$ cat upload_5.cif   # mmCIF, C-alpha atoms
data_input
#
loop_
_atom_site.label_atom_id
_atom_site.label_comp_id
_atom_site.auth_asym_id
_atom_site.auth_seq_id
_atom_site.Cartn_x
_atom_site.Cartn_y
_atom_site.Cartn_z
CA MET A 1 42.07 -3.48 17.52
CA ARG A 2 40.21 -0.89 15.52
CA SER A 3 38.23 -2.13 12.51
CA SER A 4 39.06 -0.53 9.19
CA ARG A 5 36.18 -2.09 7.30
CA ILE A 6 32.67 -3.09 8.28
CA VAL A 7 30.53 -5.14 5.88
CA CYS A 8 26.92 -6.15 6.43
CA ALA A 9 24.78 -8.39 4.26
CA TYR A 10 21.39 -10.05 4.45
CA GLU A 11 19.27 -12.25 2.25
CA ALA A 12 16.73 -10.55 -0.01
CA GLY A 13 13.17 -11.17 1.04
CA ARG A 14 10.02 -9.58 2.40
CA ASP A 15 11.85 -6.74 4.21
CA GLY A 16 13.08 -5.28 0.93
CA PHE A 17 16.05 -2.93 0.61
CA TRP A 18 15.37 -0.23 3.18
CA LEU A 19 17.95 -1.60 5.62
CA ALA A 20 20.70 -1.62 2.98
CA ARG A 21 19.95 1.99 2.05
CA TRP A 22 19.88 2.96 5.73
CA LEU A 23 23.29 1.38 6.32
CA GLN A 24 24.83 2.87 3.18
CA ALA A 25 23.62 6.32 4.19
CA ARG A 26 25.73 5.89 7.34
CA ALA A 27 28.87 4.92 5.41
CA ILE A 28 28.49 1.20 6.15
CA GLU A 29 29.21 -1.21 3.31
CA ALA A 30 25.98 -3.19 2.83
CA TYR A 31 24.90 -5.86 0.37
CA VAL A 32 21.73 -7.82 -0.33
CA ILE A 33 22.34 -11.47 -1.24
CA HIS A 34 20.20 -13.03 -3.94
CA PRO A 35 18.58 -16.11 -2.28
CA ALA A 36 18.67 -18.31 -5.40
CA SER A 37 22.45 -17.85 -5.66
CA ILE A 38 23.19 -19.61 -2.35
CA ALA A 39 24.25 -23.21 -2.96
CA VAL A 40 22.59 -25.73 -0.63
CA SER A 41 22.92 -29.50 -0.34
CA ARG A 42 20.29 -31.46 -2.30
CA GLU A 43 21.11 -34.84 -0.78
CA HIS A 44 18.53 -34.51 1.97
CA ARG A 45 16.25 -31.95 3.55
CA ARG A 46 18.21 -30.28 6.26
CA VAL A 47 16.89 -28.50 9.31
CA LYS A 48 16.35 -24.81 8.65
CA SER A 49 17.29 -22.41 11.41
CA ASP A 50 18.55 -18.85 11.71
CA ARG A 51 21.89 -20.14 13.05
CA ILE A 52 22.49 -22.38 10.01
CA ASP A 53 21.32 -19.72 7.58
CA THR A 54 23.58 -17.11 9.17
CA GLU A 55 26.62 -19.39 8.97
CA LEU A 56 25.88 -20.19 5.33
CA LEU A 57 25.44 -16.51 4.49
CA MET A 58 28.67 -15.66 6.29
CA ARG A 59 30.66 -18.21 4.30
CA SER A 60 29.10 -17.09 1.03
CA LEU A 61 29.69 -13.42 1.82
CA LEU A 62 33.34 -13.95 2.74
CA GLY A 63 33.95 -15.94 -0.44
CA TRP A 64 32.28 -13.27 -2.56
CA LEU A 65 34.34 -10.52 -0.94
CA ARG A 66 37.52 -12.46 -1.67
CA GLY A 67 36.54 -12.50 -5.34
CA GLU A 68 35.91 -16.23 -5.50
CA LYS A 69 33.41 -17.39 -8.11
CA ARG A 70 30.09 -19.16 -7.57
CA HIS A 71 29.67 -18.29 -3.91
CA CYS A 72 26.69 -15.99 -4.29
CA SER A 73 25.46 -13.00 -6.23
CA MET A 74 24.29 -9.64 -4.95
CA ALA A 75 21.00 -7.98 -5.82
CA THR A 76 21.09 -4.42 -7.08
CA ILE A 77 19.89 -2.07 -4.36
CA PRO A 78 17.32 0.29 -5.92
CA THR A 79 16.70 3.80 -4.74
CA MET A 80 13.45 4.64 -3.03
CA ALA A 81 12.29 6.46 -6.18
CA GLU A 82 13.01 3.38 -8.31
CA GLU A 83 11.10 1.15 -5.92
CA ASP A 84 8.18 3.56 -5.81
CA ALA A 85 8.03 3.69 -9.62
CA ARG A 86 7.35 -0.06 -9.65
CA ARG A 87 4.39 0.13 -7.28
CA PRO A 88 1.65 1.15 -9.80
CA GLY A 89 2.50 -1.67 -12.21
CA ARG A 90 2.66 -4.27 -9.47
CA GLU A 91 -0.57 -3.02 -7.88
CA ARG A 92 -2.30 -3.15 -11.26
CA GLU A 93 -1.08 -6.70 -11.82
CA SER A 94 -2.47 -7.72 -8.43
CA LEU A 95 -5.80 -6.03 -9.16
CA VAL A 96 -6.07 -7.72 -12.56
CA SER A 97 -5.56 -11.08 -10.85
CA GLU A 98 -8.19 -10.17 -8.28
CA GLN A 99 -10.57 -9.19 -11.08
CA THR A 100 -10.11 -12.55 -12.79
CA ARG A 101 -10.61 -14.36 -9.48
CA ILE A 102 -13.91 -12.59 -8.81
CA VAL A 103 -15.19 -13.26 -12.34
CA ASN A 104 -14.35 -16.95 -12.03
CA ARG A 105 -16.01 -17.17 -8.63
CA VAL A 106 -19.23 -15.58 -9.94
CA LYS A 107 -19.34 -18.01 -12.85
CA ALA A 108 -18.64 -20.95 -10.51
CA VAL A 109 -21.52 -20.02 -8.19
CA LEU A 110 -23.91 -19.64 -11.12
CA ALA A 111 -22.78 -22.99 -12.53
CA LEU A 112 -23.94 -24.66 -9.29
CA PHE A 113 -27.49 -23.69 -10.29
CA GLY A 114 -27.15 -24.60 -13.96
CA ILE A 115 -26.75 -21.02 -15.19
CA GLY A 116 -24.29 -20.35 -18.00
CA GLY A 117 -23.58 -17.54 -20.40
CA PHE A 118 -23.64 -14.82 -17.73
CA ASN A 119 -20.89 -12.22 -18.22
CA PRO A 120 -19.96 -10.50 -14.92
CA ARG A 121 -17.80 -7.96 -16.81
CA LEU A 122 -20.79 -6.26 -18.44
CA ARG A 123 -21.79 -2.84 -17.17
CA LYS A 124 -25.36 -4.01 -16.49
CA ALA A 125 -24.36 -7.32 -14.93
CA ALA A 126 -25.98 -6.42 -11.59
CA GLN A 127 -29.34 -5.74 -13.28
CA GLN A 128 -29.13 -8.92 -15.35
CA LEU A 129 -28.41 -10.95 -12.22
CA GLU A 130 -31.95 -10.32 -10.98
CA THR A 131 -33.45 -11.93 -14.09
CA GLN A 132 -31.40 -15.11 -13.94
CA ARG A 133 -33.25 -18.39 -13.41
CA THR A 134 -31.88 -21.72 -12.27
CA ALA A 135 -32.07 -24.89 -14.35
CA GLU A 136 -35.31 -25.70 -12.46
CA GLY A 137 -36.82 -22.39 -13.59
CA THR A 138 -36.74 -20.78 -10.13
CA PRO A 139 -35.04 -17.53 -9.09
CA LEU A 140 -31.66 -17.66 -7.44
CA PRO A 141 -31.76 -18.41 -3.68
CA ASP A 142 -31.55 -15.35 -1.47
CA ASN A 143 -28.11 -16.08 0.04
CA ALA A 144 -26.56 -16.92 -3.32
CA ARG A 145 -28.00 -13.76 -4.88
CA ALA A 146 -26.71 -11.63 -2.00
CA GLU A 147 -23.25 -13.19 -2.33
CA LEU A 148 -23.18 -12.53 -6.07
CA ARG A 149 -24.26 -8.91 -5.54
CA ARG A 150 -21.32 -8.38 -3.18
CA ASP A 151 -18.97 -10.00 -5.67
CA LEU A 152 -20.19 -7.72 -8.46
CA GLU A 153 -19.79 -4.66 -6.23
CA ARG A 154 -16.25 -5.79 -5.42
CA LEU A 155 -15.61 -6.29 -9.13
CA CYS A 156 -16.74 -2.74 -9.91
CA LEU A 157 -14.43 -1.37 -7.22
CA VAL A 158 -11.45 -3.32 -8.57
CA ARG A 159 -12.14 -2.12 -12.12
CA ASP A 160 -12.37 1.49 -10.93
CA GLN A 161 -9.03 1.15 -9.15
CA ILE A 162 -7.40 -0.30 -12.28
CA ARG A 163 -8.68 2.62 -14.34
CA ALA A 164 -7.42 5.07 -11.70
CA ILE A 165 -3.91 3.58 -11.88
CA GLU A 166 -3.89 3.70 -15.68
CA SER A 167 -5.18 7.28 -15.71
CA ALA A 168 -2.55 8.43 -13.19
CA ARG A 169 0.19 6.83 -15.28
CA LEU A 170 -0.95 8.63 -18.43
CA GLN A 171 -1.06 11.91 -16.52
CA ARG A 172 2.53 11.45 -15.32
CA LEU A 173 3.71 10.67 -18.85
CA THR A 174 1.87 13.68 -20.25
CA ALA A 175 3.21 16.02 -17.58
CA ALA A 176 6.83 14.96 -18.18
CA PRO A 177 8.66 17.21 -20.68
CA ALA A 178 9.04 15.69 -24.14
CA THR A 179 12.80 16.31 -24.08
CA SER A 180 13.38 14.83 -20.64
CA GLN A 181 15.61 11.83 -20.01
CA GLY A 182 14.84 8.89 -17.77
CA PRO A 183 12.06 6.34 -17.30
CA HIS A 184 9.23 8.46 -18.73
CA ALA A 185 11.14 9.09 -21.94
CA MET A 186 11.94 5.38 -22.25
CA VAL A 187 8.27 4.44 -21.74
CA ARG A 188 7.16 6.85 -24.46
CA LEU A 189 9.85 5.56 -26.82
CA ILE A 190 9.03 1.87 -26.30
CA ALA A 191 5.28 2.53 -26.55
CA ARG A 192 5.85 3.74 -30.10
CA VAL A 193 6.70 0.17 -31.15
CA LEU A 194 3.77 -1.48 -32.90
CA GLY A 195 2.00 -3.93 -30.60
CA ILE A 196 3.39 -2.54 -27.32
CA ALA A 197 1.02 -0.53 -25.17
CA ILE A 198 1.77 1.83 -22.29
CA GLU A 199 1.31 -0.91 -19.68
CA THR A 200 3.85 -3.23 -21.32
CA ALA A 201 6.29 -0.38 -21.91
CA ASP A 202 6.03 0.70 -18.28
CA MET A 203 6.66 -2.88 -17.09
CA LEU A 204 9.69 -3.26 -19.37
CA VAL A 205 11.26 0.00 -18.19
CA ASN A 206 10.65 -0.32 -14.45
CA GLU A 207 10.98 -4.08 -13.99
CA ILE A 208 13.53 -5.25 -16.58
CA LEU A 209 15.53 -2.43 -18.14
CA SER A 210 16.18 -0.87 -14.72
CA ARG A 211 18.00 -4.03 -13.57
CA ASN A 212 21.67 -4.69 -14.13
CA LEU A 213 21.38 -8.04 -15.93
CA ARG A 214 24.89 -9.18 -16.68
CA ASP A 215 24.29 -11.09 -19.95
CA ARG A 216 21.70 -12.50 -22.32
CA ARG A 217 21.35 -15.65 -20.23
CA ALA A 218 20.35 -13.57 -17.21
CA VAL A 219 17.75 -11.74 -19.31
CA ALA A 220 16.30 -15.03 -20.53
CA ARG A 221 16.31 -16.45 -16.99
CA TYR A 222 14.50 -13.39 -15.65
CA ALA A 223 11.84 -13.82 -18.38
CA GLY A 224 11.44 -17.50 -17.51
CA LEU A 225 12.81 -18.75 -20.85
CA THR A 226 15.74 -20.67 -19.33
CA GLY A 227 16.35 -22.54 -16.11
CA ALA A 228 17.25 -20.89 -12.83
CA PRO A 229 20.23 -21.94 -10.66
CA ASP A 230 17.91 -23.81 -8.27
CA GLU A 231 16.55 -26.08 -11.01
CA SER A 232 17.89 -29.50 -11.94
CA GLY A 233 16.97 -31.52 -15.01
CA GLN A 234 13.23 -31.90 -15.43
CA ARG A 235 12.43 -30.83 -11.87
CA ARG A 236 11.66 -27.31 -10.76
CA ARG A 237 12.47 -26.40 -7.19
CA GLU A 238 10.98 -23.29 -5.62
CA LYS A 239 13.27 -21.89 -2.95
CA ASP A 240 11.80 -20.48 0.25
CA TRP A 241 12.33 -16.78 0.96
CA PRO A 242 12.61 -16.72 4.77
CA ALA A 243 12.93 -13.67 6.92
CA PRO A 244 16.35 -12.07 6.38
CA ALA A 245 19.16 -13.59 8.42
CA THR A 246 21.88 -11.02 8.84
CA ALA A 247 25.56 -11.70 8.49
CA GLY A 248 28.44 -9.32 9.03
CA PHE A 249 32.09 -9.11 9.81
CA ALA A 250 34.64 -6.54 10.83
CA GLY A 251 38.01 -6.62 9.16
CA GLY A 252 41.13 -5.33 10.82
#

$ encode --input "upload_5.cif" --output "structure tokens"
Amino acid sequence: MRSSRIVCAYEAGRDGFWLARWLQARAIEAYVIHPASIAVSREHRRVKSDRIDTELLMRSLLGWLRGEKRHCSMATIPTMAEEDARRPGRERESLVSEQTRIVNRVKAVLALFGIGGFNPRLRKAAQQLETQRTAEGTPLPDNARAELRRDLERLCLVRDQIRAIESARLQRLTAAPATSQGPHAMVRLIARVLGIAIETADMLVNEILSRNLRDRRAVARYAGLTGAPDESGQRRREKDWPAPATAGFAGG
């Protein structure tokens, strides 16, 4: 019997959306299931396996295709251009976290020797490091000083990369025509609001406004202001995002 419809679906995770775009380009109906929308038993911890996950995804997919409520929800499949537009903001966020981690590590090492008040963010921090004295009045030990020098060099590199990302973003916004439509125009418009800078405007446009959030509750849930479907009462449960387990069926 010849199939008149082929549907494929997999759980969103580390592999992203490239497979869904690849299938859709070949006229195959493909969906990406939002992991938090899959209902699982909370009575006890069950064994996790690809076979169980695939069966659960299959049941959820079939129920969703039949139009039944509360089986699962599908993630919006972004285009490659939309995904690429999110990379600078996410890379900058990662670098800012790395910058904070390095600063905290430098301060923690200095605290072991009774040194406080040193600011690793200063431009001349590397020169000031050589003049630091421990609580006993002695210079920093050689290995500790060498470690701190490497940390400060790493901090300078991270700061240069953050500035490069910010500069490239401003260049793209400047190069875009003032009358153009799309993300760049939205970023410029939102940045005109008092108290919102380019970085915040770019995050709002590429991470939030580009998503198809169905109602105000979904917006609040995305921002972390309300509970997610995998939360219960006072307890927060973080769901695992395993490698995608594929599910598909062929209808006659």

$ resolve_selection --input "upload_5.cif" --expression "the PyMOL selection byres ((chain A and resi 19-33) around 7)" --output "ChimeraX atom specification"
/A:6-12,17-18,34-35,72-75

$ residues_around --input "upload_5.cif" --residues "Ile165 (chain A)" --least-positions-apart "4" --cutoff "8 Å" --atoms "all atoms listed in the file" --output "PyMOL selection string"
chain A and resi 88+92+161+169

$ closest_residue --input "upload_5.cif" --among "A:Val187, A:Val96, A:Ala135, A:Cys156" --to "Pro120 (chain A)" --atoms "only C-alpha atoms"
A:Cys156

$ closest_residue --input "upload_5.cif" --among "A:Ala191, A:Ala111, A:Ser167, A:Leu148" --to "Gln128 (chain A)" --atoms "all atoms listed in the file"
A:Leu148

$ resolve_selection --input "upload_5.cif" --expression "the PyMOL selection byres ((chain A and resi 152) around 8)" --output "PyMOL selection string"
chain A and resi 102+120+125-126+148-151+153-156

$ write_last_selection --input "upload_5.cif" --atoms "C-alpha atoms" --output "mmCIF file, keeping the file's coordinate frame"
data_model
loop_
_atom_site.group_PDB
_atom_site.id
_atom_site.type_symbol
_atom_site.label_atom_id
_atom_site.label_comp_id
_atom_site.auth_asym_id
_atom_site.auth_seq_id
_atom_site.Cartn_x
_atom_site.Cartn_y
_atom_site.Cartn_z
ATOM 1 C CA ILE A 102 -13.910 -12.590 -8.810
ATOM 2 C CA PRO A 120 -19.960 -10.500 -14.920
ATOM 3 C CA ALA A 125 -24.360 -7.320 -14.930
ATOM 4 C CA ALA A 126 -25.980 -6.420 -11.590
ATOM 5 C CA LEU A 148 -23.180 -12.530 -6.070
ATOM 6 C CA ARG A 149 -24.260 -8.910 -5.540
ATOM 7 C CA ARG A 150 -21.320 -8.380 -3.180
ATOM 8 C CA ASP A 151 -18.970 -10.000 -5.670
ATOM 9 C CA GLU A 153 -19.790 -4.660 -6.230
ATOM 10 C CA ARG A 154 -16.250 -5.790 -5.420
ATOM 11 C CA LEU A 155 -15.610 -6.290 -9.130
ATOM 12 C CA CYS A 156 -16.740 -2.740 -9.910
#

$ residues_around --input "upload_5.cif" --residues "Thr200 (chain A)" --least-positions-apart "3" --cutoff "12 Å" --atoms "all atoms listed in the file" --output "ChimeraX atom specification"
/A:89-90,92-93,166,186-197,203-208

$ closest_residue --input "upload_5.cif" --among "A:Glu83, A:Asp142, A:Asp160, A:Glu199" --to "Leu173 (chain A)" --atoms "all atoms listed in the file"
A:Glu199

$ atom_distance --input "upload_5.cif" --atom1 "CA of Gln171 (chain A)" --atom2 "CA of Glu91 (chain A)"
17.3 Å

$ closest_residue --input "upload_5.cif" --among "A:Leu95, A:Ala201, A:Ala176, A:Leu56" --to "Leu157 (chain A)" --atoms "all atoms listed in the file"
A:Leu95

$ atom_distance --input "upload_5.cif" --atom1 "CA of Pro139 (chain A)" --atom2 "CA of Arg159 (chain A)"
27.8 Å

$ axis_aligned_box --input "upload_5.cif" --around "region 196-203 of chain A" --padding-each-side "5 Å" --output "JSON"
{"center_x": 3.8, "center_y": -0.7, "center_z": -22.2, "size_x": 15.6, "size_y": 15.1, "size_z": 20.2}

$ atom_distance --input "upload_5.cif" --atom1 "CA of Glu147 (chain A)" --atom2 "CA of Leu110 (chain A)"
10.9 Å

$ resolve_selection --input "upload_5.cif" --expression "the PyMOL selection byres ((chain A and resi 113) around 12)" --output "count of residues only"
22

$ closest_residue --input "upload_5.cif" --among "A:Ala220, A:Arg70, A:Arg101, A:Arg87" --to "Asp202 (chain A)" --atoms "all atoms listed in the file"
A:Arg87

$ closest_residue --input "upload_5.cif" --among "A:Leu65, A:Met58, A:Val158, A:Ala85" --to "Val103 (chain A)" --atoms "all atoms listed in the file"
A:Val158
